[in-house]
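Notes to accompany the following structure.
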Amino acid sequence: MSELKLRRLTEHNQRLREDLARPRIRVSEASASLIRYCKTTRDPLVPSVWGPVPRADDPYQNQSGAGKGCCVIQ
């Protein structure tokens, strides 16, 4: 019984050491990075902020050129 407790405590201690070794950043740095990303990355789904997106740059535009419809039946 005591060997089982010792093994469990050792495993738990190892997990805690791994958590402690994980790299961390401050909340202020993370939020500044997120704000910088949001300001510099265009979102085609929010044209009121970024303006209209050219068709060539729109990732949601149908670019297959398969005709007028969206489906091809063979």
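Each chain of the structure tokens is named A, B, ... in the order shown, its residues numbered from 1; ligands are numbered from 1 in display order.
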>> Just want the 12 Å neighbourhood of Pro47 (chain A), counted on only C-alpha atoms, with same-chain residues fewer than 6 positions away dropped. Output as an NGL selection string.
In response: :A and (53-54 or 58)
> CA of Pro44 (chain A) and CA of Ala56 (chain A), how far apart in Å?
Replying inline: 11.7 Å
> CA of Leu34 (chain A) and CA of Ser48 (chain A), how far apart in Å?
Replying inline: 20.3 Å
> Please, which residues of chain A, numbered as in this document, come out helix (DSSP H, G or I) from DSSP, as a VMD selection string?
Replying inline: chain A and resid 2 to 21 27 to 40 47 to 50 55 to 57
